[in-house]
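*Asks:* My structure is stored as target_37.cif, with mmCIF, C-alpha atoms and all ligand atoms; chains and numbers go by the auth columns.
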data_run
loop_
_atom_site.group_PDB
_atom_site.id
_atom_site.type_symbol
_atom_site.label_atom_id
_atom_site.label_comp_id
_atom_site.label_asym_id
_atom_site.label_seq_id
_atom_site.Cartn_x
_atom_site.Cartn_y
_atom_site.Cartn_z
_atom_site.B_iso_or_equiv
_atom_site.auth_seq_id
_atom_site.auth_asym_id
ATOM 1 C CA MET A 1 -34.066 -199.521 -96.522 0.00 1 A
ATOM 2 C CA GLU A 2 -30.827 -199.087 -98.449 0.00 2 A
ATOM 3 C CA VAL A 3 -28.804 -202.352 -98.530 0.00 3 A
ATOM 4 C CA PHE A 4 -25.771 -201.223 -96.511 0.00 4 A
ATOM 5 C CA GLU A 5 -28.052 -199.587 -93.949 0.00 5 A
ATOM 6 C CA CYS A 6 -29.863 -202.917 -93.668 0.00 6 A
ATOM 7 C CA VAL A 7 -26.572 -204.780 -93.172 0.00 7 A
ATOM 8 C CA LYS A 8 -25.368 -202.270 -90.579 0.00 8 A
ATOM 9 C CA THR A 9 -28.513 -202.331 -88.481 0.00 9 A
ATOM 10 C CA LEU A 10 -29.460 -206.016 -88.778 0.00 10 A
ATOM 11 C CA SER A 11 -29.441 -207.859 -85.475 0.00 11 A
ATOM 12 C CA SER A 12 -30.822 -211.153 -84.245 0.00 12 A
ATOM 13 C CA ILE A 13 -34.290 -210.851 -82.766 0.00 13 A
ATOM 14 C CA ARG A 14 -35.433 -213.396 -80.207 0.00 14 A
ATOM 15 C CA SER A 15 -38.673 -211.860 -78.996 0.00 15 A
ATOM 16 C CA PHE A 16 -41.630 -210.839 -81.081 0.00 16 A
ATOM 17 C CA VAL A 17 -44.737 -208.723 -80.681 0.00 17 A
ATOM 18 C CA THR A 18 -48.043 -209.843 -82.106 0.00 18 A
ATOM 19 C CA GLY A 19 -48.973 -208.500 -85.498 0.00 19 A
ATOM 20 C CA ASP A 20 -49.996 -210.158 -88.717 0.00 20 A
ATOM 21 C CA VAL A 21 -47.567 -209.802 -91.576 0.00 21 A
ATOM 22 C CA PRO A 22 -49.139 -208.927 -94.962 0.00 22 A
ATOM 23 C CA GLU A 23 -49.088 -211.857 -97.362 0.00 23 A
ATOM 24 C CA GLU A 24 -47.137 -209.884 -99.939 0.00 24 A
ATOM 25 C CA VAL A 25 -44.341 -209.316 -97.420 0.00 25 A
ATOM 26 C CA ILE A 26 -44.229 -213.026 -96.593 0.00 26 A
ATOM 27 C CA GLY A 27 -44.111 -213.624 -100.355 0.00 27 A
ATOM 28 C CA GLU A 28 -41.148 -211.269 -100.717 0.00 28 A
ATOM 29 C CA VAL A 29 -39.260 -213.071 -97.950 0.00 29 A
ATOM 30 C CA MET A 30 -39.884 -216.452 -99.582 0.00 30 A
ATOM 31 C CA GLU A 31 -38.895 -215.125 -103.015 0.00 31 A
ATOM 32 C CA SER A 32 -35.679 -213.732 -101.572 0.00 32 A
ATOM 33 C CA GLY A 33 -34.704 -217.270 -100.647 0.00 33 A
ATOM 34 C CA ARG A 34 -35.732 -218.796 -103.950 0.00 34 A
ATOM 35 C CA LEU A 35 -33.865 -216.147 -105.937 0.00 35 A
ATOM 36 C CA ALA A 36 -30.525 -216.652 -104.174 0.00 36 A
ATOM 37 C CA PRO A 37 -27.508 -217.627 -106.259 0.00 37 A
ATOM 38 C CA SER A 38 -26.057 -221.122 -105.946 0.00 38 A
ATOM 39 C CA ALA A 39 -23.119 -223.126 -107.210 0.00 39 A
ATOM 40 C CA ARG A 40 -23.841 -224.291 -110.777 0.00 40 A
ATOM 41 C CA ASN A 41 -27.325 -222.879 -110.172 0.00 41 A
ATOM 42 C CA GLN A 42 -28.271 -226.162 -108.501 0.00 42 A
ATOM 43 C CA GLN A 43 -30.613 -224.465 -106.023 0.00 43 A
ATOM 44 C CA PRO A 44 -30.225 -227.248 -103.464 0.00 44 A
ATOM 45 C CA TRP A 45 -32.967 -226.001 -101.175 0.00 45 A
ATOM 46 C CA GLU A 46 -36.596 -226.280 -100.232 0.00 46 A
ATOM 47 C CA PHE A 47 -38.474 -224.068 -97.803 0.00 47 A
ATOM 48 C CA ILE A 48 -41.409 -224.884 -95.548 0.00 48 A
ATOM 49 C CA LEU A 49 -43.402 -221.772 -94.702 0.00 49 A
ATOM 50 C CA VAL A 50 -45.156 -222.202 -91.356 0.00 50 A
ATOM 51 C CA THR A 51 -48.005 -219.807 -90.632 0.00 51 A
ATOM 52 C CA ASP A 52 -50.336 -222.044 -88.630 0.00 52 A
ATOM 53 C CA ARG A 53 -50.235 -220.997 -84.950 0.00 53 A
ATOM 54 C CA GLY A 54 -50.609 -224.578 -83.759 0.00 54 A
ATOM 55 C CA VAL A 55 -47.688 -225.751 -85.905 0.00 55 A
ATOM 56 C CA LEU A 56 -45.565 -222.749 -84.804 0.00 56 A
ATOM 57 C CA LYS A 57 -46.220 -223.702 -81.191 0.00 57 A
ATOM 58 C CA GLY A 58 -45.318 -227.293 -82.030 0.00 58 A
ATOM 59 C CA LEU A 59 -41.935 -226.218 -83.472 0.00 59 A
ATOM 60 C CA GLU A 60 -40.856 -225.016 -80.034 0.00 60 A
ATOM 61 C CA LYS A 61 -40.241 -228.574 -78.851 0.00 61 A
ATOM 62 C CA TYR A 62 -37.695 -229.237 -81.611 0.00 62 A
ATOM 63 C CA CYS A 63 -35.988 -225.825 -81.721 0.00 63 A
ATOM 64 C CA THR A 64 -33.830 -226.434 -78.671 0.00 64 A
ATOM 65 C CA SER A 65 -31.967 -223.105 -78.836 0.00 65 A
ATOM 66 C CA GLY A 66 -34.869 -221.081 -80.228 0.00 66 A
ATOM 67 C CA LYS A 67 -37.995 -221.655 -78.186 0.00 67 A
ATOM 68 C CA PHE A 68 -39.052 -218.127 -79.213 0.00 68 A
ATOM 69 C CA VAL A 69 -40.123 -219.584 -82.569 0.00 69 A
ATOM 70 C CA SER A 70 -43.549 -220.171 -81.028 0.00 70 A
ATOM 71 C CA GLU A 71 -44.040 -216.355 -80.750 0.00 71 A
ATOM 72 C CA ALA A 72 -43.177 -215.667 -84.381 0.00 72 A
ATOM 73 C CA ALA A 73 -45.712 -214.456 -86.938 0.00 73 A
ATOM 74 C CA PHE A 74 -44.353 -217.102 -89.290 0.00 74 A
ATOM 75 C CA ALA A 75 -41.319 -219.336 -89.630 0.00 75 A
ATOM 76 C CA VAL A 76 -39.366 -220.843 -92.478 0.00 76 A
ATOM 77 C CA VAL A 77 -37.781 -224.269 -92.188 0.00 77 A
ATOM 78 C CA VAL A 78 -34.815 -224.321 -94.552 0.00 78 A
ATOM 79 C CA LEU A 79 -34.063 -227.701 -96.102 0.00 79 A
ATOM 80 C CA THR A 80 -30.988 -228.539 -98.139 0.00 80 A
ATOM 81 C CA ASP A 81 -30.188 -231.308 -100.566 0.00 81 A
ATOM 82 C CA PRO A 82 -26.957 -232.966 -99.417 0.00 82 A
ATOM 83 C CA SER A 83 -26.392 -234.502 -102.842 0.00 83 A
ATOM 84 C CA SER A 84 -25.246 -231.038 -103.930 0.00 84 A
ATOM 85 C CA LYS A 85 -21.661 -230.249 -102.840 0.00 85 A
ATOM 86 C CA TRP A 86 -22.371 -226.669 -101.734 0.00 86 A
ATOM 87 C CA HIS A 87 -25.824 -227.243 -100.283 0.00 87 A
ATOM 88 C CA GLU A 88 -25.172 -225.526 -96.959 0.00 88 A
ATOM 89 C CA VAL A 89 -23.221 -222.603 -98.416 0.00 89 A
ATOM 90 C CA ASP A 90 -25.875 -221.980 -101.063 0.00 90 A
ATOM 91 C CA SER A 91 -28.743 -222.263 -98.626 0.00 91 A
ATOM 92 C CA THR A 92 -27.031 -219.959 -96.155 0.00 92 A
ATOM 93 C CA ARG A 93 -27.019 -217.304 -98.882 0.00 93 A
ATOM 94 C CA ALA A 94 -30.756 -217.891 -99.307 0.00 94 A
ATOM 95 C CA VAL A 95 -31.167 -217.429 -95.553 0.00 95 A
ATOM 96 C CA GLN A 96 -29.286 -214.120 -95.565 0.00 96 A
ATOM 97 C CA ASN A 97 -31.396 -212.895 -98.477 0.00 97 A
ATOM 98 C CA MET A 98 -34.580 -213.715 -96.567 0.00 98 A
ATOM 99 C CA VAL A 99 -33.401 -212.195 -93.302 0.00 99 A
ATOM 100 C CA LEU A 100 -32.279 -208.953 -94.979 0.00 100 A
ATOM 101 C CA THR A 101 -35.482 -208.587 -96.991 0.00 101 A
ATOM 102 C CA ALA A 102 -37.495 -209.159 -93.834 0.00 102 A
ATOM 103 C CA TRP A 103 -35.405 -206.602 -91.934 0.00 103 A
ATOM 104 C CA GLY A 104 -36.046 -204.032 -94.644 0.00 104 A
ATOM 105 C CA ARG A 105 -39.757 -204.591 -94.043 0.00 105 A
ATOM 106 C CA GLY A 106 -39.472 -204.194 -90.275 0.00 106 A
ATOM 107 C CA LEU A 107 -39.375 -207.905 -89.438 0.00 107 A
ATOM 108 C CA GLY A 108 -36.796 -209.493 -87.166 0.00 108 A
ATOM 109 C CA SER A 109 -35.421 -213.018 -87.293 0.00 109 A
ATOM 110 C CA CYS A 110 -32.748 -215.238 -85.819 0.00 110 A
ATOM 111 C CA TRP A 111 -30.921 -218.325 -87.055 0.00 111 A
ATOM 112 C CA ILE A 112 -31.844 -221.273 -84.841 0.00 112 A
ATOM 113 C CA GLY A 113 -28.903 -223.644 -84.769 0.00 113 A
ATOM 114 C CA MET A 114 -29.704 -226.322 -82.228 0.00 114 A
ATOM 115 C CA ILE A 115 -32.546 -228.420 -83.549 0.00 115 A
ATOM 116 C CA ASP A 116 -33.790 -231.910 -82.843 0.00 116 A
ATOM 117 C CA LYS A 117 -33.661 -232.659 -86.565 0.00 117 A
ATOM 118 C CA LYS A 118 -35.008 -236.192 -86.327 0.00 118 A
ATOM 119 C CA GLY A 119 -37.995 -235.077 -84.279 0.00 119 A
ATOM 120 C CA LEU A 120 -38.674 -232.068 -86.503 0.00 120 A
ATOM 121 C CA ALA A 121 -38.451 -234.169 -89.667 0.00 121 A
ATOM 122 C CA GLN A 122 -41.040 -236.516 -88.241 0.00 122 A
ATOM 123 C CA TYR A 123 -43.261 -233.634 -87.064 0.00 123 A
ATOM 124 C CA LEU A 124 -43.346 -231.948 -90.487 0.00 124 A
ATOM 125 C CA GLY A 125 -43.067 -235.041 -92.687 0.00 125 A
ATOM 126 C CA ILE A 126 -39.680 -234.058 -94.106 0.00 126 A
ATOM 127 C CA PRO A 127 -38.130 -236.834 -96.228 0.00 127 A
ATOM 128 C CA GLY A 128 -34.862 -238.385 -95.058 0.00 128 A
ATOM 129 C CA SER A 129 -33.136 -237.319 -98.280 0.00 129 A
ATOM 130 C CA LEU A 130 -33.180 -233.673 -97.136 0.00 130 A
ATOM 131 C CA ASN A 131 -31.123 -231.994 -94.416 0.00 131 A
ATOM 132 C CA ILE A 132 -32.594 -229.413 -92.039 0.00 132 A
ATOM 133 C CA LEU A 133 -30.276 -226.378 -92.080 0.00 133 A
ATOM 134 C CA THR A 134 -32.152 -224.048 -89.771 0.00 134 A
ATOM 135 C CA VAL A 135 -35.512 -222.755 -88.695 0.00 135 A
ATOM 136 C CA LEU A 136 -36.011 -219.006 -89.107 0.00 136 A
ATOM 137 C CA PRO A 137 -38.713 -217.318 -87.049 0.00 137 A
ATOM 138 C CA PHE A 138 -39.957 -213.980 -88.400 0.00 138 A
ATOM 139 C CA GLY A 139 -42.025 -211.310 -86.694 0.00 139 A
ATOM 140 C CA TYR A 140 -42.395 -207.713 -85.705 0.00 140 A
ATOM 141 C CA PHE A 141 -40.444 -206.697 -82.639 0.00 141 A
ATOM 142 C CA ASP A 142 -40.099 -203.987 -80.064 0.00 142 A
ATOM 143 C CA ASP A 143 -37.699 -201.382 -81.493 0.00 143 A
ATOM 144 C CA GLY A 144 -35.833 -201.330 -78.199 0.00 144 A
ATOM 145 C CA LEU A 145 -34.469 -204.786 -79.020 0.00 145 A
ATOM 146 C CA SER A 146 -32.388 -203.681 -81.977 0.00 146 A
ATOM 147 C CA GLY A 147 -29.889 -200.945 -82.631 0.00 147 A
ATOM 148 C CA HIS A 148 -27.639 -201.718 -79.674 0.00 148 A
ATOM 149 C CA GLY A 149 -24.708 -201.698 -82.038 0.00 149 A
ATOM 150 C CA LYS A 150 -22.911 -204.708 -83.315 0.00 150 A
ATOM 151 C CA SER A 151 -20.402 -206.593 -81.272 0.00 151 A
ATOM 152 C CA ARG A 152 -17.786 -207.431 -83.888 0.00 152 A
ATOM 153 C CA LYS A 153 -14.020 -207.852 -84.091 0.00 153 A
ATOM 154 C CA PRO A 154 -12.429 -204.479 -84.941 0.00 154 A
ATOM 155 C CA PRO A 155 -11.270 -203.816 -88.537 0.00 155 A
ATOM 156 C CA HIS A 156 -7.550 -204.101 -87.700 0.00 156 A
ATOM 157 C CA GLU A 157 -8.071 -207.690 -86.496 0.00 157 A
ATOM 158 C CA VAL A 158 -9.750 -208.910 -89.659 0.00 158 A
ATOM 159 C CA PHE A 159 -8.636 -206.703 -92.578 0.00 159 A
ATOM 160 C CA HIS A 160 -5.390 -207.083 -94.539 0.00 160 A
ATOM 161 C CA LEU A 161 -4.236 -204.962 -97.464 0.00 161 A
ATOM 162 C CA ASN A 162 -2.912 -206.673 -100.605 0.00 162 A
ATOM 163 C CA ARG A 163 -1.104 -209.385 -98.648 0.00 163 A
ATOM 164 C CA PHE A 164 -1.590 -211.112 -95.335 0.00 164 A
ATOM 165 C CA GLY A 165 -0.277 -209.220 -92.328 0.00 165 A
ATOM 166 C CA VAL A 166 -0.226 -205.772 -93.922 0.00 166 A
ATOM 167 C CA LYS A 167 -2.792 -203.608 -92.222 0.00 167 A
ATOM 168 C CA PRO A 168 -4.674 -200.842 -94.024 0.00 168 A
ATOM 169 C CA GLY A 169 -2.980 -197.577 -93.010 0.00 169 A
ATOM 170 C CA ASP A 170 0.461 -199.214 -92.347 0.00 170 A
HETATM 171 C C1 LIG B . -24.955 -220.470 -87.877 0.00 1 B
HETATM 172 C C2 LIG B . -25.623 -219.649 -86.781 0.00 1 B
HETATM 173 C C3 LIG B . -26.246 -220.307 -85.729 0.00 1 B
HETATM 174 C C4 LIG B . -26.905 -219.572 -84.736 0.00 1 B
HETATM 175 N N1 LIG B . -27.606 -220.240 -83.770 0.00 1 B
HETATM 176 C C5 LIG B . -28.328 -219.539 -82.879 0.00 1 B
HETATM 177 C C6 LIG B . -29.177 -220.219 -81.961 0.00 1 B
HETATM 178 O O1 LIG B . -29.271 -221.444 -81.974 0.00 1 B
HETATM 179 N N2 LIG B . -29.899 -219.480 -81.082 0.00 1 B
HETATM 180 C C7 LIG B . -29.824 -218.112 -81.051 0.00 1 B
HETATM 181 O O2 LIG B . -30.491 -217.500 -80.228 0.00 1 B
HETATM 182 N N3 LIG B . -29.028 -217.430 -81.926 0.00 1 B
HETATM 183 C C8 LIG B . -28.307 -218.108 -82.844 0.00 1 B
HETATM 184 N N4 LIG B . -27.536 -217.450 -83.770 0.00 1 B
HETATM 185 C C9 LIG B . -27.460 -215.982 -83.748 0.00 1 B
HETATM 186 C C10 LIG B . -26.069 -215.506 -83.276 0.00 1 B
HETATM 187 O O3 LIG B . -25.937 -215.748 -81.899 0.00 1 B
HETATM 188 C C11 LIG B . -25.912 -214.018 -83.618 0.00 1 B
HETATM 189 O O4 LIG B . -25.969 -213.841 -85.014 0.00 1 B
HETATM 190 C C12 LIG B . -24.581 -213.452 -83.117 0.00 1 B
HETATM 191 O O5 LIG B . -24.527 -213.490 -81.708 0.00 1 B
HETATM 192 C C13 LIG B . -24.385 -211.998 -83.548 0.00 1 B
HETATM 193 O O6 LIG B . -25.452 -211.204 -83.114 0.00 1 B
HETATM 194 P P1 LIG B . -26.331 -210.360 -84.146 0.00 1 B
HETATM 195 O O7 LIG B . -26.919 -211.353 -85.145 0.00 1 B
HETATM 196 O O8 LIG B . -27.414 -209.725 -83.293 0.00 1 B
HETATM 197 O O9 LIG B . -25.455 -209.360 -84.793 0.00 1 B
HETATM 198 C C14 LIG B . -26.888 -218.146 -84.767 0.00 1 B
HETATM 199 C C15 LIG B . -26.244 -217.504 -85.840 0.00 1 B
HETATM 200 C C16 LIG B . -25.648 -218.229 -86.831 0.00 1 B
HETATM 201 C C17 LIG B . -25.016 -217.503 -88.010 0.00 1 B
#
Write the structure described by the file as structure tokens, please.
*Replies:*
Amino acid sequence: MEVFECVKTLSSIRSFVTGDVPEEVIGEVMESGRLAPSARNQQPWEFILVTDRGVLKGLEKYCTSGKFVSEAAFAVVVLTDPSSKWHEVDSTRAVQNMVLTAWGRGLGSCWIGMIDKKGLAQYLGIPGSLNILTVLPFGYFDDGLSGHGKSRKPPHEVFHLNRFGVKPGD
């Protein structure tokens, strides 16, 4: 899918259908994270790929606002290194890369924000030196769940031309 088309159609997916994802596609999603740009190229991230069905089911307990993770074909736990100043900004760019690549391959995802981080760290053996940014579930989905159009602020509310307060077309 062409990049802008991907951006325009991307939506959060919270329900998945069963279907194994080819390993090369999973590899592309992971690479998309690893290849993201970062401040001073510090790459303050690590990624745990979860494919084991038992572990995916186990994630549900810790993903308070994303219980649907247990239905995903795979999930990625995104870890950041807080010793790097821009760790969350950089890693969020890695997340968007992964989500867009997945979307282009027909896979949906959704940022899970509310996480019992202490519990999840213990569950997956994550060292205390790393921060858990998010858990991203990935999977195929029923087409009916996407394409409802984006609910976004209109252009005139968010765009300015050359200086603040001047609207394009004024
Ligand atoms: C930082 C962040 C945290 C989010 N946390 C959650 C979450 O915990 N659970 C959830 O279902 N969706 C979560 N979302 C998804 C947003 O609700 C969603 O992106 C927004 O409503 C716009 O919808 P769209 O992604 O379908 O365009 C999160 C998104 C972001 C960027």
*Asks:* Run the PyMOL selection byres (((not hetatm)) within 12 of (chain B and resi 1)) against the file shown and list the residues it catches, as a count of residues only.
*Replies:* 51
*Asks:* To test your reading of the syntax: which residues would the PyMOL selection byres (((chain A and resi 131) around 12) and not hetatm) return for the file shown? Reply as JSON, numbers by chain.
*Replies:* {"A": [44, 45, 46, 47, 77, 78, 79, 80, 81, 82, 83, 84, 87, 88, 91, 115, 116, 117, 118, 120, 121, 126, 127, 128, 129, 130, 132, 133, 134, 135]}
*Asks:* Would you work out the distance separating atom CA of Thr101 of chain A from atom CA of Phe4 of chain A, expressed in Å to one decimal?
*Replies:*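 One can read the atom CA of Thr101 of chain A to atom CA of Phe4 of chain A distance as 12.2 Å.
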*Asks:* Which residue out of A:Gly58, A:Gly19, A:Gly169, A:Gly27 has the minimum interatomic distance to Leu124 of chain A when all atoms listed in the file are used?
*Replies:*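 Residue with the minimum atom-to-atom distance to Leu124 of chain A: A:Gly58.
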*Asks:* Between atom CA of Trp86 of chain A and atom CA of Asn41 of chain A, measure the distance and give it in Å to one decimal.
*Replies:*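 According to the coordinates, atom CA of Trp86 of chain A and atom CA of Asn41 of chain A are separated by 10.5 Å.
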*Asks:* Starting from the PyMOL selection byres (((chain A and resi 33-38) around 7) and not hetatm), expand the selection into actual residues of this file and give them as a short mmCIF file (atom, residue, chain, number, x, y, z; two decimals) with C-alpha atoms, in the frame of the given file.
*Replies:*
data_model
loop_
_atom_site.label_atom_id
_atom_site.label_comp_id
_atom_site.auth_asym_id
_atom_site.auth_seq_id
_atom_site.Cartn_x
_atom_site.Cartn_y
_atom_site.Cartn_z
CA VAL A 29 -39.26 -213.07 -97.95
CA MET A 30 -39.88 -216.45 -99.58
CA GLU A 31 -38.90 -215.12 -103.02
CA SER A 32 -35.68 -213.73 -101.57
CA ALA A 39 -23.12 -223.13 -107.21
CA ARG A 40 -23.84 -224.29 -110.78
CA ASN A 41 -27.32 -222.88 -110.17
CA GLN A 42 -28.27 -226.16 -108.50
CA GLN A 43 -30.61 -224.46 -106.02
CA ASP A 90 -25.88 -221.98 -101.06
CA ARG A 93 -27.02 -217.30 -98.88
CA ALA A 94 -30.76 -217.89 -99.31
CA VAL A 95 -31.17 -217.43 -95.55
CA ASN A 97 -31.40 -212.90 -98.48
CA MET A 98 -34.58 -213.72 -96.57
#
*Asks:* In terms of the shortest atom-to-atom distance over all atoms listed in the file, which of A:Leu107, A:Val3, A:Ile48, A:Leu59 is closest to Phe16 of chain A?
*Replies:*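 Checking each of A:Leu107, A:Val3, A:Ile48, A:Leu59 against Phe16 of chain A, counting all atoms listed in the file, the winner is A:Leu107.
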*Asks:* Would you compute the distance between atom CA of Val76 of chain A and atom CA of Ile26 of chain A? Give it in Å to one decimal.
*Replies:*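 These two atoms are separated by 10.1 Å.
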*Asks:* From the options A:Gly125, A:Phe138, A:Asn162, A:Asp143, which residue's atoms come nearest to Thr51 of chain A, counting all atoms listed in the file?
*Replies:*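 Checking each candidate against Thr51 of chain A, we get A:Phe138 as the closest.
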*Asks:* What would segment 59-79 of chain A look like with N, CA, C and O atoms restored, written as a short mmCIF file (atom, residue, chain, number, x, y, z; two decimals), in the frame of the given file?
*Replies:*
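That gives us selection.cif:
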data_model
loop_
_atom_site.label_atom_id
_atom_site.label_comp_id
_atom_site.auth_asym_id
_atom_site.auth_seq_id
_atom_site.Cartn_x
_atom_site.Cartn_y
_atom_site.Cartn_z
N LEU A 59 -43.36 -226.28 -83.10
CA LEU A 59 -41.94 -226.22 -83.47
C LEU A 59 -41.05 -226.03 -82.25
O LEU A 59 -39.88 -226.44 -82.22
N GLU A 60 -41.61 -225.36 -81.24
CA GLU A 60 -40.86 -225.02 -80.03
C GLU A 60 -40.12 -226.23 -79.45
O GLU A 60 -38.96 -226.14 -79.06
N LYS A 61 -40.81 -227.35 -79.45
CA LYS A 61 -40.24 -228.57 -78.85
C LYS A 61 -38.94 -229.00 -79.54
O LYS A 61 -38.04 -229.54 -78.91
N TYR A 62 -38.84 -228.74 -80.84
CA TYR A 62 -37.70 -229.24 -81.61
C TYR A 62 -36.59 -228.18 -81.78
O TYR A 62 -35.47 -228.52 -82.11
N CYS A 63 -36.97 -226.91 -81.57
CA CYS A 63 -35.99 -225.82 -81.72
C CYS A 63 -35.35 -225.57 -80.36
O CYS A 63 -35.68 -224.61 -79.66
N THR A 64 -34.41 -226.42 -80.01
CA THR A 64 -33.83 -226.43 -78.67
C THR A 64 -33.26 -225.07 -78.26
O THR A 64 -33.41 -224.65 -77.12
N SER A 65 -32.59 -224.39 -79.19
CA SER A 65 -31.97 -223.10 -78.84
C SER A 65 -32.77 -221.92 -79.40
O SER A 65 -32.24 -220.83 -79.56
N GLY A 66 -34.05 -222.17 -79.68
CA GLY A 66 -34.87 -221.08 -80.23
C GLY A 66 -36.34 -221.28 -79.91
O GLY A 66 -37.18 -221.26 -80.80
N LYS A 67 -36.60 -221.42 -78.61
CA LYS A 67 -37.99 -221.66 -78.19
C LYS A 67 -38.91 -220.50 -78.60
O LYS A 67 -40.12 -220.67 -78.72
N PHE A 68 -38.28 -219.32 -78.82
CA PHE A 68 -39.05 -218.13 -79.21
C PHE A 68 -39.75 -218.30 -80.56
O PHE A 68 -40.58 -217.47 -80.94
N VAL A 69 -39.46 -219.36 -81.27
CA VAL A 69 -40.12 -219.58 -82.57
C VAL A 69 -41.65 -219.63 -82.40
O VAL A 69 -42.39 -219.25 -83.31
N SER A 70 -42.10 -220.05 -81.24
CA SER A 70 -43.55 -220.17 -81.03
C SER A 70 -44.24 -218.81 -81.02
O SER A 70 -45.44 -218.71 -81.23
N GLU A 71 -43.48 -217.72 -80.78
CA GLU A 71 -44.04 -216.36 -80.75
C GLU A 71 -44.05 -215.70 -82.12
O GLU A 71 -44.61 -214.62 -82.29
N ALA A 72 -43.36 -216.32 -83.08
CA ALA A 72 -43.18 -215.67 -84.38
C ALA A 72 -44.48 -215.56 -85.16
O ALA A 72 -45.41 -216.35 -84.95
N ALA A 73 -44.54 -214.59 -86.06
CA ALA A 73 -45.71 -214.46 -86.94
C ALA A 73 -45.71 -215.59 -87.96
O ALA A 73 -46.75 -216.12 -88.34
N PHE A 74 -44.52 -215.95 -88.41
CA PHE A 74 -44.35 -217.10 -89.29
C PHE A 74 -42.92 -217.59 -89.17
O PHE A 74 -42.06 -216.91 -88.59
N ALA A 75 -42.68 -218.79 -89.66
CA ALA A 75 -41.32 -219.34 -89.63
C ALA A 75 -41.05 -220.03 -90.96
O ALA A 75 -41.98 -220.42 -91.68
N VAL A 76 -39.76 -220.12 -91.27
CA VAL A 76 -39.37 -220.84 -92.48
C VAL A 76 -38.36 -221.93 -92.08
O VAL A 76 -37.35 -221.63 -91.43
N VAL A 77 -38.70 -223.15 -92.41
CA VAL A 77 -37.78 -224.27 -92.19
C VAL A 77 -36.98 -224.42 -93.48
O VAL A 77 -37.55 -224.61 -94.56
N VAL A 78 -35.67 -224.29 -93.36
CA VAL A 78 -34.82 -224.32 -94.55
C VAL A 78 -34.21 -225.71 -94.70
O VAL A 78 -33.48 -226.19 -93.82
N LEU A 79 -34.53 -226.34 -95.83
CA LEU A 79 -34.06 -227.70 -96.10
C LEU A 79 -33.03 -227.67 -97.21
O LEU A 79 -33.15 -226.87 -98.15
#
